[in-house]
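Student: One structure, as structure tokens, below. Some questions next.
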Amino acid sequence: MFTFKQFRVEQDRTAMKVGTDGVLLGAWAEGGQAILDVGTGTGLIALMMAQRFEKAEVLGIDIDRDACLQARDNVLASPFAARVSILHSSLQAFDATALTRNDKWGSGFDAIVANPPYFEHSLKNPDAGRATARHSDSLPFADLFGGVGRLLADNGVFSAIVPTESLEHFCAEAVFSGFFLSRRYDVKTTPNKPAKRCLVAFRRHRPESFDRREVCLQDADGNRSEWYQALTEAFYL
């Protein structure tokens, strides 16, 4: 179990556990009134978005049934149960027509967030659930952006976290799908190491300005950096 200030996350039935990537994205991503969390896993990011955006209705979807069951339990045990829903579905099978049956999602999502599968050519983990969660076979980047294209509102924003080695491919798929990069934060573990992760945000329309930064999780002494401390202050105990 992982305990945050306003909720806790049980994770014994899910392949992917609470990690820094999910916390970073949940604390950094832009939101709105209707938010979709793709590949919700434990429900961590959905719960973080519900905490940050107090008027938002959040929907988390996942291809893994056990993950969805655990995410629902985590949501029900949280203060945000009335505003967070969990659905067992792949993004590819999540038909936009289903949104019209629910007024909350009728005009598309203001914000979509995803910590997507990103290992494209490496050996798969023998644990089938973990392999599905980590390998892009289940959700190729082209399919991810295709789903975002179907479901994102006209002025909405899609936020994700990807390894630096996957960034070029990820951004190329965004361009092919007609999206513009509006924010990019290169995340380093310590000041003297290269960035390992990138937080990125995309919009349908060319942004008037581009927010690009290089940030660190730790300072030279190994403590949380001022940036990371401020970003996660509302969550970490």
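Scheme for the structure tokens: letters A, B, ... for chains in order shown; per-chain residue numbers from 1; ligand numbers from 1 in order shown.
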For Asp154 in chain A, work out the shell of residues within 9 Å, counting only C-alpha atoms and skipping chain neighbours fewer than 6 positions away, then give it as a list in words.
Tutor: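 Once the nearby chain positions are removed, what remains is Gly108, Phe109, Asp110, Arg203, Arg204 and His205 of chain A.
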Student: As a ChimeraX atom specification, please: the residues near range 56-69 of chain A (cut-off 9 Å, only C-alpha atoms, same-chain neighbours under 6 positions excluded).
Tutor: /A:11,13-16,31-43,45-47,49-50,82-91,94,104-105,129,132-133,138
Student: Write out as a VMD selection string the set of residues from range 2-165 of chain A that DSSP, computed on the backbone, places in strand (DSSP E).
Tutor: chain A and resid 2 to 3 8 to 9 34 to 38 57 to 62 84 to 88 109 to 114 152 to 163
Student: As a ChimeraX atom specification, please: every residue in range 32-237 of chain A that DSSP puts in helix (DSSP H, G or I).
Tutor: /A:44-52,65-76,96-101,103-105,128-134,141-151,164-176,226-232
Student: What is the distance between CA of Arg184 in chain A and CA of Glu30 in chain A, in Å to one decimal?
Tutor: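 These atoms are spaced 12.5 Å apart.
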